[in-house]
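Trainee: What follows is a structure written as structure tokens; I'll ask about it next.
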Amino acid sequence: MARIAVIGAGMGAMAAAARLAVAGHDVEVHERTETYGGALGQYRREGFTFDTGPGLLTLPAVPRDLFLKTGREALEDRVHLTETEPAVRHVFADRVHADLPHTSRAQVAAALDAALGDGAGQRWGAFLNRARDTWDRSRRPLLEETLWPNWQVLAEREPYPAEPWRRPLRRERRATTLAEIGAWELRDARLAALLGQYALAAGLDPRTAPAGAAVLPYLEQTFGLWSVRGGMRALATALYERCVERRVRFVLGSEVTAIRTEEGRAAGLVTADGTRVDADHVVAGVPPSVLDALLGSPARTAGEVPAQRETDRASRLLVLFALDGERPPGTVHRTVVHSRDAKAEAAHVFGGAPGVAADPTLTVDRPEDPGLVPGPGHEAVTVRLTVAPGTEPTEADLDRITARAEAAVPGLAGRVRWRHALTPADIAHATGAPGGAVPAPALAAADGKLLHPANSTRVPGLFTVGGWSHPGGGLPHAGMSGALVAGLIVEGPEFTGST
């Protein structure tokens with residue numbers, strides 16, 4: 001039995017902790033805040049409850065596998081999952097809207113034909129076929145296996161099988177970015193906006209995101225979107241309770257100030273109150289800059305995938321609306337309100353200057369969950385948008401967001417009891433990421449800029465978990481990183497991933 005010290009109680013860290021405890025190890029988690037869950041937090045006020053992280057679950061197979069491997073109770077024995085139907089309503093710049101069904105490719109194509117005109121569904125369906133091939137090619141190396149030692153192959157190899165595109169008297173070309181897929185293969189501004197929104201929501205610039213990001217819409221439209229009764233926080237609570245049942249110890253309010261090493265190997269932690277924690281292995285669920293500061297030197301060596309700089313990644317702004325009045329029957333859970341100028345929005349978000357774009361893309365969640373409101377006659381609505389790190393919205397920004405959200409919630413302004421903004425600064429407090437940056441999922445190609453460092457480090461016994469390490473950001477990826485770290489510790493450096 002090895003002693004394992006875990007830094008942080010985010011979802012990836014808890015996933016690793018639960019798996020390691022089941023394998024017979026002595027696991028202790030130190031979390032600098034007073035709660036667990038990392039990005040899966042909640043904001044509560046006057047009987048209203050809002051998720052402060054993702055509002056819906058994708059790839060439910062990942063937490064299902066985690067709960068199966070760490071105990072006899074299935075995930076659904078702990079949390080109640082419901083498929084959202086339709087999965088998403090998209091309101092495009094011309095105010096045409098399309099309701100995309102849950103996990104039915106044929107019905108999605110029919111919905112797009114009905115909304116955007118004949119042929120739109122066929123073009124989107126053909127694109128999703130190529131996205132499926134991309135998923136088949138990249139799933140194992142990017143999600144299920146430890147990062148390849150020759151990771152440069154992933155950096156150079158584009159897994160998306162782009163269709164050839166030719167203009168008269170010009171040579172044939174193939175799309176290498178999502179923007180080019182939209183222009184050359186989808187050939188409809190609204191389909192291009194639909195595709196680009198997936199990149200933006202993941203914190204990627206749609207103009208430069210590699211074509212392999214086609215897996216993002218594929219995952220949603222193949223495996224669906226799922227709501228969690230009581231909010232996504234209920235998933236974090238279920239995992240925390242599973243850890244406690246497996247005798248993982250949590251020390252909340254315990255800020256780690258240093259990672260100790262002895263004879264070149266990780267040997268434990270030092271906390272803010274001076275406590276020395278001995279350990280045979282240390283698992284760090286913190287951003288790269290925080291990890292280097294705790295170690296006192298870079299955790300990575302030359303030749304490895306360089307840790308992504310937090311300042312290069314986007315952040316999130318959430319506007320929470322407590323509404324008077326019933327949620328109308330048949331209300332769609334999630335609506336995406338597209339920008340009228342997606343290029344200008346991307347230039348603003350990824351231009352380096354904080355602030356809210358003039359015409360941002362909004363993701364509006366209206367959950368049907370009586371437990372999230374104080375009683376009948378009320379509704380809790382969350383609006384999410386991608387912003388640059390460090391953004392602090394003004395009241396004018398919030399008024400503009402409220403007005404744009406009317407496309408998803410008619411009469412919104414007249415129903416507001418109160419609204420509250422959760423900014424990148426709040427994300428920074430919850431996760432420790434400077435500026436509230438949110439890591440993007442790992443993707444191939446793009447010269448390796450969207451790969452994440454391996455879960456092992458240059459220091460034997462020190463491992464990294466969560467969105468800032470392989471396989472990158474996103475709730476499913478956090479669970480996968482926990483599985484990879486547990487495998488590396490239990491089976492040793494020869495472990496390469498699930499079979």
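Please note that chains go A, B, ... in the order of the structure tokens, that every chain numbers its residues from 1, and that ligands are numbered from 1 in the order shown.
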Quick one: everything within 6 Å of region 291-296 of chain A, counting only C-alpha atoms, minus sequence neighbours fewer than 2 positions away in the same chain. Send it as a list in words.
Mentor: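 These residues fall inside the cut-off: Thr257, Ala258, Ile259, Pro288, Ser289, Pro298 and Ala299 of chain A.
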Trainee: Let me see the file: selected residues, N, CA and C atoms, as a CSV table (one decimal), in the first residue's frame.
Mentor:
```
chain,number,residue,atom,x,y,z
A,257,THR,N,1.5,24.6,-0.2
A,257,THR,CA,2.5,25.7,-0.6
A,257,THR,C,3.8,25.1,-1.2
A,258,ALA,N,4.0,23.8,-1.1
A,258,ALA,CA,5.2,23.2,-1.8
A,258,ALA,C,5.0,21.7,-1.9
A,259,ILE,N,5.7,21.2,-3.0
A,259,ILE,CA,5.8,19.8,-3.2
A,259,ILE,C,7.2,19.4,-2.8
A,288,PRO,N,-0.6,24.6,-14.8
A,288,PRO,CA,0.8,24.5,-14.9
A,288,PRO,C,1.6,25.5,-14.1
A,289,SER,N,1.2,26.7,-14.1
A,289,SER,CA,2.0,27.7,-13.4
A,289,SER,C,2.0,27.5,-11.9
A,298,PRO,N,10.5,24.0,-13.1
A,298,PRO,CA,9.6,23.5,-14.1
A,298,PRO,C,9.3,22.0,-13.9
A,299,ALA,N,8.1,21.6,-14.0
A,299,ALA,CA,7.8,20.2,-13.9
A,299,ALA,C,8.0,19.4,-15.2
```
Trainee: If we count only C-alpha atoms and set the cut-off at 8 Å, which residues sit around region 101-111 of chain A, ignoring sequence neighbours fewer than 5 positions away in its own chain? Please answer as a ChimeraX atom specification.
Mentor: /A:83-88,120-122,124-125,220-225
Trainee: Write out as a PyMOL selection string which residues come within 10 Å of Arg260 (chain A) when counting only C-alpha atoms, dropping same-chain ones fewer than 5 positions away.
Mentor: chain A and resi 265-270+276-279+282+294-296
Trainee: Kindly export the residues of the current selection with N, CA and C atoms, as an mmCIF file, in the first residue's frame.
Mentor:
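part.cif was written with the following content:
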```cif
data_model
loop_
_atom_site.group_PDB
_atom_site.id
_atom_site.type_symbol
_atom_site.label_atom_id
_atom_site.label_comp_id
_atom_site.auth_asym_id
_atom_site.auth_seq_id
_atom_site.Cartn_x
_atom_site.Cartn_y
_atom_site.Cartn_z
ATOM 1 N N ARG A 265 13.005 12.569 -6.026
ATOM 2 C CA ARG A 265 11.690 11.947 -6.166
ATOM 3 C C ARG A 265 10.674 12.675 -5.304
ATOM 4 N N ALA A 266 9.403 12.729 -5.766
ATOM 5 C CA ALA A 266 8.352 13.341 -4.967
ATOM 6 C C ALA A 266 8.230 12.608 -3.641
ATOM 7 N N ALA A 267 8.178 13.393 -2.550
ATOM 8 C CA ALA A 267 8.161 12.787 -1.210
ATOM 9 C C ALA A 267 7.028 13.301 -0.343
ATOM 10 N N GLY A 268 6.228 14.245 -0.858
ATOM 11 C CA GLY A 268 5.124 14.741 -0.062
ATOM 12 C C GLY A 268 4.847 16.199 -0.286
ATOM 13 N N LEU A 269 4.131 16.802 0.672
ATOM 14 C CA LEU A 269 3.657 18.174 0.536
ATOM 15 C C LEU A 269 4.006 18.973 1.782
ATOM 16 N N VAL A 270 3.912 20.297 1.605
ATOM 17 C CA VAL A 270 3.917 21.216 2.736
ATOM 18 C C VAL A 270 2.694 22.106 2.583
ATOM 19 N N ARG A 276 3.842 19.061 7.298
ATOM 20 C CA ARG A 276 4.548 18.255 6.308
ATOM 21 C C ARG A 276 3.782 16.948 6.113
ATOM 22 N N VAL A 277 3.451 16.667 4.888
ATOM 23 C CA VAL A 277 2.703 15.460 4.554
ATOM 24 C C VAL A 277 3.629 14.536 3.777
ATOM 25 N N ASP A 278 3.877 13.371 4.310
ATOM 26 C CA ASP A 278 4.719 12.396 3.625
ATOM 27 C C ASP A 278 3.893 11.602 2.618
ATOM 28 N N ALA A 279 4.496 11.275 1.498
ATOM 29 C CA ALA A 279 3.782 10.505 0.475
ATOM 30 C C ALA A 279 4.774 9.782 -0.414
ATOM 31 N N VAL A 282 2.687 11.837 -5.422
ATOM 32 C CA VAL A 282 1.910 13.066 -5.358
ATOM 33 C C VAL A 282 1.153 13.222 -6.662
ATOM 34 N N LEU A 294 4.763 25.341 -6.988
ATOM 35 C CA LEU A 294 4.801 24.412 -5.867
ATOM 36 C C LEU A 294 6.075 23.573 -5.877
ATOM 37 N N LEU A 295 6.531 23.241 -7.071
ATOM 38 C CA LEU A 295 7.724 22.404 -7.193
ATOM 39 C C LEU A 295 9.004 23.223 -7.058
ATOM 40 N N GLY A 296 8.905 24.512 -7.363
ATOM 41 C CA GLY A 296 10.084 25.375 -7.297
ATOM 42 C C GLY A 296 10.940 25.326 -8.532
#
```
Trainee: Between A:Ala433, A:Leu200, A:Ala344, A:Ala211, which has the minimum distance to Thr386 (chain A) (counting only C-alpha atoms)?
Mentor: A:Leu200
Trainee: From the options A:Ala9, A:Leu475, A:Leu56, A:Ala314, which residue's atoms come nearest to Gly38 (chain A), counting only C-alpha atoms?
Mentor: A:Ala9
Trainee: Suppose you want the space between CA of Met14 (chain A) and CA of Leu235 (chain A); what is it in Å?
Mentor: 11.5 Å
Trainee: Which parts of region 110-249 of chain A does DSSP call helix (DSSP H, G or I) when run on the backbone here, written out as a PyMOL selection string?
Mentor: chain A and resi 110-116+120-144+152-156+178-186+189-201+211-223+233-245
Trainee: Rank A:Tyr43, A:Leu252, A:Leu178, A:Ile7 by their smallest atom-to-atom distance to Arg419 (chain A), using only C-alpha atoms, and report the top residue only.
Mentor: A:Tyr43
Trainee: Please provide as an NGL selection string all residues within 7 Å of Glu345 (chain A), with the sequence filter that same-chain residues fewer than 6 positions apart are discarded (counting only C-alpha atoms).
Mentor: :A and (357 or 359-360)
Trainee: Output the selection as a short mmCIF file (atom, residue, chain, number, x, y, z; two decimals), in the first residue's frame - N, CA and C atoms for each residue.
Mentor:
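part.cif written:
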```cif
data_model
loop_
_atom_site.label_atom_id
_atom_site.label_comp_id
_atom_site.auth_asym_id
_atom_site.auth_seq_id
_atom_site.Cartn_x
_atom_site.Cartn_y
_atom_site.Cartn_z
N ALA A 357 -17.70 40.71 -25.91
CA ALA A 357 -17.88 41.06 -27.32
C ALA A 357 -19.19 41.81 -27.52
N ASP A 359 -21.47 41.42 -29.70
CA ASP A 359 -22.60 40.57 -30.07
C ASP A 359 -22.24 39.11 -29.79
N PRO A 360 -22.19 38.73 -28.52
CA PRO A 360 -21.67 37.40 -28.18
C PRO A 360 -22.64 36.27 -28.45
#
```
Trainee: Taking the chain letters and numbering used in this document, name the residues of region 264-474 of chain A that DSSP puts in strand (DSSP E), as a count of residues only.
Mentor: 52
Trainee: Set the distance at 12 Å and use only C-alpha atoms: which residues neighbour region 410-413 of chain A once local chain neighbours fewer than 3 positions away are removed? I'd like the list as a PyMOL selection string.
Mentor: chain A and resi 320-328+331+364+366+379-383+398-407+416-419
Trainee: Skip Ala17 (chain A) itself and residues of its chain fewer than 3 positions away, then list as a VMD selection string all residues within 10 Å of it, counting only C-alpha atoms.
Mentor: chain A and resid 4 to 6 9 11 to 14 20 to 23 25 to 29 239 to 240 242 to 244 246 to 249 283 482 to 483 485 to 486
Trainee: Set the distance at 12 Å and use only C-alpha atoms: which residues neighbour Asp77 (chain A) once local chain neighbours fewer than 2 positions away are removed? I'd like the list as a list in words.
Mentor: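 Contacts, with the query itself left out: Arg64, Phe67, Leu68, Gly71, Arg72, Glu73, Ala74, Leu75, Val79, His80, Leu81, Leu235, Ala238 and Arg242 of chain A.
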